[in-house]
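Asker: Structure file data_13.tsv (TSV, N, CA and C atoms) right here:
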```
chain	number	residue	atom	x	y	z
M	1	MET	N	-4.05	7.03	21.48
M	1	MET	CA	-4.46	6.14	20.42
M	1	MET	C	-3.56	6.38	19.20
M	2	TYR	N	-3.23	5.31	18.51
M	2	TYR	CA	-2.39	5.34	17.31
M	2	TYR	C	-3.24	4.85	16.14
M	3	ILE	N	-3.35	5.66	15.11
M	3	ILE	CA	-4.25	5.34	14.00
M	3	ILE	C	-3.46	4.78	12.82
M	4	ILE	N	-3.81	3.54	12.43
M	4	ILE	CA	-3.20	2.88	11.28
M	4	ILE	C	-4.29	2.69	10.23
M	5	SER	N	-4.08	3.23	9.06
M	5	SER	CA	-5.06	3.09	7.98
M	5	SER	C	-4.73	1.85	7.16
M	6	GLU	N	-5.78	1.15	6.73
M	6	GLU	CA	-5.59	-0.13	6.04
M	6	GLU	C	-6.25	-0.15	4.66
M	7	ARG	N	-6.12	0.94	3.93
M	7	ARG	CA	-6.79	1.01	2.63
M	7	ARG	C	-5.87	0.75	1.44
M	8	ILE	N	-4.57	0.59	1.66
M	8	ILE	CA	-3.70	0.19	0.56
M	8	ILE	C	-3.61	-1.33	0.63
M	9	ASN	N	-4.68	-1.94	0.13
M	9	ASN	CA	-4.88	-3.37	0.28
M	9	ASN	C	-5.43	-3.91	-1.03
M	10	GLY	N	-4.73	-4.86	-1.61
M	10	GLY	CA	-5.13	-5.45	-2.88
M	10	GLY	C	-6.45	-6.18	-2.86
M	11	LEU	N	-7.05	-6.35	-1.69
M	11	LEU	CA	-8.40	-6.93	-1.62
M	11	LEU	C	-9.44	-5.97	-2.17
M	12	PHE	N	-9.16	-4.68	-2.13
M	12	PHE	CA	-10.07	-3.68	-2.69
M	12	PHE	C	-9.84	-3.62	-4.20
M	13	THR	N	-10.93	-3.67	-4.96
M	13	THR	CA	-10.84	-3.70	-6.42
M	13	THR	C	-10.03	-2.53	-6.98
M	14	SER	N	-10.29	-1.33	-6.48
M	14	SER	CA	-9.59	-0.16	-7.01
M	14	SER	C	-8.09	-0.21	-6.72
M	15	VAL	N	-7.72	-0.70	-5.55
M	15	VAL	CA	-6.31	-0.82	-5.20
M	15	VAL	C	-5.65	-1.92	-6.03
M	16	SER	N	-6.33	-3.04	-6.17
M	16	SER	CA	-5.80	-4.14	-6.97
M	16	SER	C	-5.55	-3.70	-8.41
M	17	LYS	N	-6.47	-2.93	-8.96
M	17	LYS	CA	-6.31	-2.41	-10.33
M	17	LYS	C	-5.09	-1.49	-10.42
M	18	ALA	N	-4.93	-0.62	-9.43
M	18	ALA	CA	-3.77	0.29	-9.41
M	18	ALA	C	-2.47	-0.50	-9.29
M	19	ILE	N	-2.47	-1.56	-8.50
M	19	ILE	CA	-1.28	-2.40	-8.37
M	19	ILE	C	-0.98	-3.08	-9.70
M	20	ASP	N	-2.00	-3.69	-10.30
M	20	ASP	CA	-1.80	-4.39	-11.58
M	20	ASP	C	-1.23	-3.46	-12.64
M	21	ASN	N	-1.69	-2.21	-12.66
M	21	ASN	CA	-1.25	-1.23	-13.65
M	21	ASN	C	-0.01	-0.46	-13.22
M	22	ARG	N	0.50	-0.77	-12.01
M	22	ARG	CA	1.63	-0.05	-11.43
M	22	ARG	C	1.40	1.46	-11.52
M	23	ASP	N	0.21	1.84	-11.10
M	23	ASP	CA	-0.21	3.25	-11.12
M	23	ASP	C	0.27	3.93	-9.84
M	24	ALA	N	1.51	4.36	-9.85
M	24	ALA	CA	2.14	4.95	-8.66
M	24	ALA	C	1.38	6.20	-8.20
M	25	LYS	N	0.96	7.04	-9.12
M	25	LYS	CA	0.27	8.27	-8.74
M	25	LYS	C	-1.01	7.95	-7.98
M	26	TRP	N	-1.77	6.96	-8.43
M	26	TRP	CA	-3.02	6.60	-7.74
M	26	TRP	C	-2.71	6.11	-6.33
M	27	ILE	N	-1.74	5.24	-6.19
M	27	ILE	CA	-1.36	4.72	-4.86
M	27	ILE	C	-0.89	5.85	-3.97
M	28	GLN	N	-0.06	6.74	-4.48
M	28	GLN	CA	0.45	7.85	-3.69
M	28	GLN	C	-0.66	8.80	-3.27
M	29	ASP	N	-1.56	9.12	-4.17
M	29	ASP	CA	-2.69	9.98	-3.82
M	29	ASP	C	-3.56	9.32	-2.75
M	30	HIS	N	-3.74	8.02	-2.88
M	30	HIS	CA	-4.53	7.26	-1.90
M	30	HIS	C	-3.86	7.31	-0.52
M	31	ALA	N	-2.55	7.17	-0.49
M	31	ALA	CA	-1.81	7.23	0.77
M	31	ALA	C	-1.92	8.62	1.40
M	32	ILE	N	-1.75	9.65	0.60
M	32	ILE	CA	-1.83	11.02	1.12
M	32	ILE	C	-3.22	11.31	1.67
M	33	ARG	N	-4.26	10.86	1.00
M	33	ARG	CA	-5.63	11.08	1.50
M	33	ARG	C	-5.83	10.45	2.87
M	34	GLN	N	-5.26	9.27	3.07
M	34	GLN	CA	-5.38	8.61	4.37
M	34	GLN	C	-4.68	9.42	5.46
M	35	LEU	N	-3.53	9.97	5.13
M	35	LEU	CA	-2.81	10.80	6.10
M	35	LEU	C	-3.56	12.08	6.40
M	36	GLU	N	-4.16	12.68	5.39
M	36	GLU	CA	-4.95	13.89	5.59
M	36	GLU	C	-6.15	13.64	6.49
M	37	CYS	N	-6.60	12.40	6.54
M	37	CYS	CA	-7.74	12.03	7.39
M	37	CYS	C	-7.31	11.63	8.79
M	38	GLY	N	-6.01	11.71	9.08
M	38	GLY	CA	-5.54	11.49	10.45
M	38	GLY	C	-4.76	10.23	10.70
M	39	SER	N	-4.50	9.44	9.68
M	39	SER	CA	-3.72	8.23	9.88
M	39	SER	C	-2.29	8.58	10.28
M	40	GLN	N	-1.74	7.79	11.19
M	40	GLN	CA	-0.37	8.00	11.65
M	40	GLN	C	0.58	6.94	11.11
M	41	ALA	N	0.03	5.90	10.50
M	41	ALA	CA	0.80	4.83	9.87
M	41	ALA	C	-0.08	4.23	8.78
M	42	LEU	N	0.56	3.58	7.82
M	42	LEU	CA	-0.18	2.98	6.71
M	42	LEU	C	0.10	1.48	6.64
M	43	ASP	N	-0.96	0.71	6.56
M	43	ASP	CA	-0.87	-0.73	6.38
M	43	ASP	C	-0.79	-1.01	4.88
M	44	ILE	N	0.17	-1.81	4.46
M	44	ILE	CA	0.39	-2.11	3.05
M	44	ILE	C	0.16	-3.61	2.83
M	45	ASN	N	-0.76	-3.94	1.90
M	45	ASN	CA	-1.09	-5.33	1.64
M	45	ASN	C	-1.26	-5.51	0.13
M	46	THR	N	-0.55	-6.46	-0.46
M	46	THR	CA	-0.61	-6.67	-1.90
M	46	THR	C	-1.90	-7.34	-2.35
M	47	GLY	N	-2.58	-7.99	-1.43
M	47	GLY	CA	-3.77	-8.77	-1.79
M	47	GLY	C	-3.39	-10.23	-1.98
M	48	PRO	N	-4.39	-11.09	-2.02
M	48	PRO	CA	-4.14	-12.54	-2.06
M	48	PRO	C	-3.79	-13.05	-3.46
M	49	GLY	N	-3.12	-14.18	-3.48
M	49	GLY	CA	-2.90	-14.94	-4.69
M	49	GLY	C	-2.01	-14.33	-5.74
M	50	ARG	N	-1.10	-13.49	-5.36
M	50	ARG	CA	-0.20	-12.87	-6.35
M	50	ARG	C	1.08	-13.69	-6.44
M	51	GLU	N	1.37	-14.15	-7.64
M	51	GLU	CA	2.62	-14.86	-7.88
M	51	GLU	C	3.82	-13.94	-7.70
M	52	ASP	N	3.60	-12.65	-7.99
M	52	ASP	CA	4.68	-11.67	-7.91
M	52	ASP	C	4.63	-10.87	-6.61
M	53	GLY	N	4.13	-11.50	-5.55
M	53	GLY	CA	3.96	-10.82	-4.26
M	53	GLY	C	5.18	-10.06	-3.77
M	54	PRO	N	6.37	-10.68	-3.74
M	54	PRO	CA	7.54	-9.95	-3.26
M	54	PRO	C	7.85	-8.70	-4.08
M	55	ALA	N	7.76	-8.80	-5.40
M	55	ALA	CA	8.04	-7.64	-6.26
M	55	ALA	C	6.98	-6.56	-6.08
M	56	VAL	N	5.73	-6.98	-5.93
M	56	VAL	CA	4.64	-6.02	-5.73
M	56	VAL	C	4.81	-5.30	-4.40
M	57	MET	N	5.15	-6.04	-3.35
M	57	MET	CA	5.33	-5.42	-2.03
M	57	MET	C	6.47	-4.41	-2.08
M	58	GLU	N	7.56	-4.78	-2.72
M	58	GLU	CA	8.69	-3.85	-2.84
M	58	GLU	C	8.27	-2.58	-3.58
M	59	TRP	N	7.53	-2.74	-4.66
M	59	TRP	CA	7.04	-1.59	-5.43
M	59	TRP	C	6.10	-0.73	-4.59
M	60	LEU	N	5.17	-1.37	-3.87
M	60	LEU	CA	4.23	-0.60	-3.04
M	60	LEU	C	4.96	0.20	-1.97
M	61	VAL	N	5.87	-0.43	-1.27
M	61	VAL	CA	6.61	0.25	-0.20
M	61	VAL	C	7.39	1.44	-0.76
M	62	ARG	N	8.12	1.23	-1.83
M	62	ARG	CA	8.91	2.32	-2.42
M	62	ARG	C	7.99	3.45	-2.91
M	63	THR	N	6.89	3.07	-3.51
M	63	THR	CA	5.94	4.06	-4.04
M	63	THR	C	5.38	4.93	-2.93
M	64	VAL	N	4.99	4.33	-1.83
M	64	VAL	CA	4.44	5.09	-0.70
M	64	VAL	C	5.53	5.90	-0.02
M	65	GLN	N	6.71	5.33	0.13
M	65	GLN	CA	7.80	6.05	0.79
M	65	GLN	C	8.26	7.27	0.00
M	66	GLU	N	7.96	7.34	-1.27
M	66	GLU	CA	8.31	8.52	-2.06
M	66	GLU	C	7.51	9.75	-1.64
M	67	VAL	N	6.35	9.55	-0.99
M	67	VAL	CA	5.50	10.69	-0.64
M	67	VAL	C	5.28	10.87	0.86
M	68	THR	N	5.81	9.97	1.68
M	68	THR	CA	5.62	10.11	3.12
M	68	THR	C	6.70	9.37	3.89
M	69	GLU	N	6.88	9.79	5.14
M	69	GLU	CA	7.85	9.14	6.01
M	69	GLU	C	7.17	8.46	7.20
M	70	VAL	N	5.83	8.32	7.17
M	70	VAL	CA	5.14	7.66	8.27
M	70	VAL	C	5.51	6.18	8.28
M	71	PRO	N	5.39	5.53	9.43
M	71	PRO	CA	5.67	4.09	9.49
M	71	PRO	C	4.70	3.31	8.59
M	72	LEU	N	5.23	2.24	8.01
M	72	LEU	CA	4.41	1.34	7.20
M	72	LEU	C	4.31	0.00	7.91
M	73	CYS	N	3.14	-0.60	7.87
M	73	CYS	CA	2.91	-1.93	8.41
M	73	CYS	C	2.81	-2.89	7.24
M	74	ILE	N	3.71	-3.84	7.16
M	74	ILE	CA	3.69	-4.81	6.07
M	74	ILE	C	2.72	-5.92	6.46
M	75	ASP	N	1.65	-6.04	5.68
M	75	ASP	CA	0.55	-6.95	6.00
M	75	ASP	C	0.50	-8.05	4.93
M	76	THR	N	0.99	-9.23	5.28
M	76	THR	CA	0.96	-10.35	4.34
M	76	THR	C	1.16	-11.66	5.10
M	77	PRO	N	0.48	-12.73	4.68
M	77	PRO	CA	0.75	-14.03	5.28
M	77	PRO	C	1.96	-14.71	4.62
M	78	GLY	N	2.44	-14.17	3.51
M	78	GLY	CA	3.53	-14.81	2.77
M	78	GLY	C	4.90	-14.38	3.26
M	79	ILE	N	5.68	-15.33	3.70
M	79	ILE	CA	7.00	-15.02	4.25
M	79	ILE	C	7.91	-14.40	3.18
M	80	LYS	N	7.80	-14.85	1.94
M	80	LYS	CA	8.63	-14.27	0.88
M	80	LYS	C	8.22	-12.85	0.59
M	81	THR	N	6.93	-12.58	0.63
M	81	THR	CA	6.45	-11.23	0.38
M	81	THR	C	6.87	-10.28	1.50
M	82	MET	N	6.91	-10.80	2.73
M	82	MET	CA	7.34	-9.97	3.85
M	82	MET	C	8.81	-9.66	3.73
```
Kindly return the structure encoded in the file as structure tokens.
Answerer:
Amino acid sequence: MYIISERINGLFTSVSKAIDNRDAKWIQDHAIRQLECGSQALDINTGPGREDGPAVMEWLVRTVQEVTEVPLCIDTPGIKTM
């Protein structure tokens, strides 16, 4: 079994707030906690309705990659954001 955690998702109020504030430490701590709980990959989702989706996704990916080398799953329906 391969475990992918899906908690870095802008649909969650706390994650959306961290994204809006570009709170890298909060996002990184959140990613590390998921890994400590056994996740082998992290799903990254900016959340719906963001005009700045591509920039947010780039920021999220770089922010998470600063603290881990696990695979990331880019989760978005927007082709530009992907």
Asker: Name the closest residue to Ala24 in chain M among the candidates M:Asp43, M:Gly53, M:Lys80, M:Ile8; distances are taken between atoms, counting only C-alpha atoms.
Answerer: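 Looking at the shortest contact to Ala24 in chain M, the residue is M:Ile8.
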Asker: Quick one, how far is atom N of Asp20 in chain M from atom N of Gln40 in chain M?
Answerer: 24.4 Å
Asker: Per DSSP on the backbone, what are the helix (DSSP H, G or I) residues of chain M, as a VMD selection string?
Answerer: chain M and resid 13 to 20 24 to 36 53 to 65
Asker: What is the atom C of Arg22 in chain M-atom N of Val70 in chain M distance in Å, reported with one decimal?
Answerer: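 Calculated distance between atom C of Arg22 in chain M and atom N of Val70 in chain M is 20.4 Å.
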Asker: Please, what distance in Å, to one decimal, runs between atom N of Ala55 in chain M and atom C of Asp23 in chain M?
Answerer: 15.4 Å
Asker: Name the residues of chain M that come out as strand (DSSP E) in a backbone DSSP run; write them as a PyMOL selection string.
Answerer: chain M and resi 4-9+41-45+72-74
Asker: Can you tell me which residues surround Met1 in chain M at a distance of at most 12 Å, considering only C-alpha atoms, apart from same-chain residues fewer than 2 positions away, and format the answer as a CSV table (one decimal) with N, CA and C atoms, in the frame of the given file?
Answerer:
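Now in around38.csv:
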```
chain,number,residue,atom,x,y,z
M,3,ILE,N,-3.4,5.7,15.1
M,3,ILE,CA,-4.2,5.3,14.0
M,3,ILE,C,-3.5,4.8,12.8
M,4,ILE,N,-3.8,3.5,12.4
M,4,ILE,CA,-3.2,2.9,11.3
M,4,ILE,C,-4.3,2.7,10.2
M,38,GLY,N,-6.0,11.7,9.1
M,38,GLY,CA,-5.5,11.5,10.4
M,38,GLY,C,-4.8,10.2,10.7
M,39,SER,N,-4.5,9.4,9.7
M,39,SER,CA,-3.7,8.2,9.9
M,39,SER,C,-2.3,8.6,10.3
M,40,GLN,N,-1.7,7.8,11.2
M,40,GLN,CA,-0.4,8.0,11.6
M,40,GLN,C,0.6,6.9,11.1
M,41,ALA,N,0.0,5.9,10.5
M,41,ALA,CA,0.8,4.8,9.9
M,41,ALA,C,-0.1,4.2,8.8
```
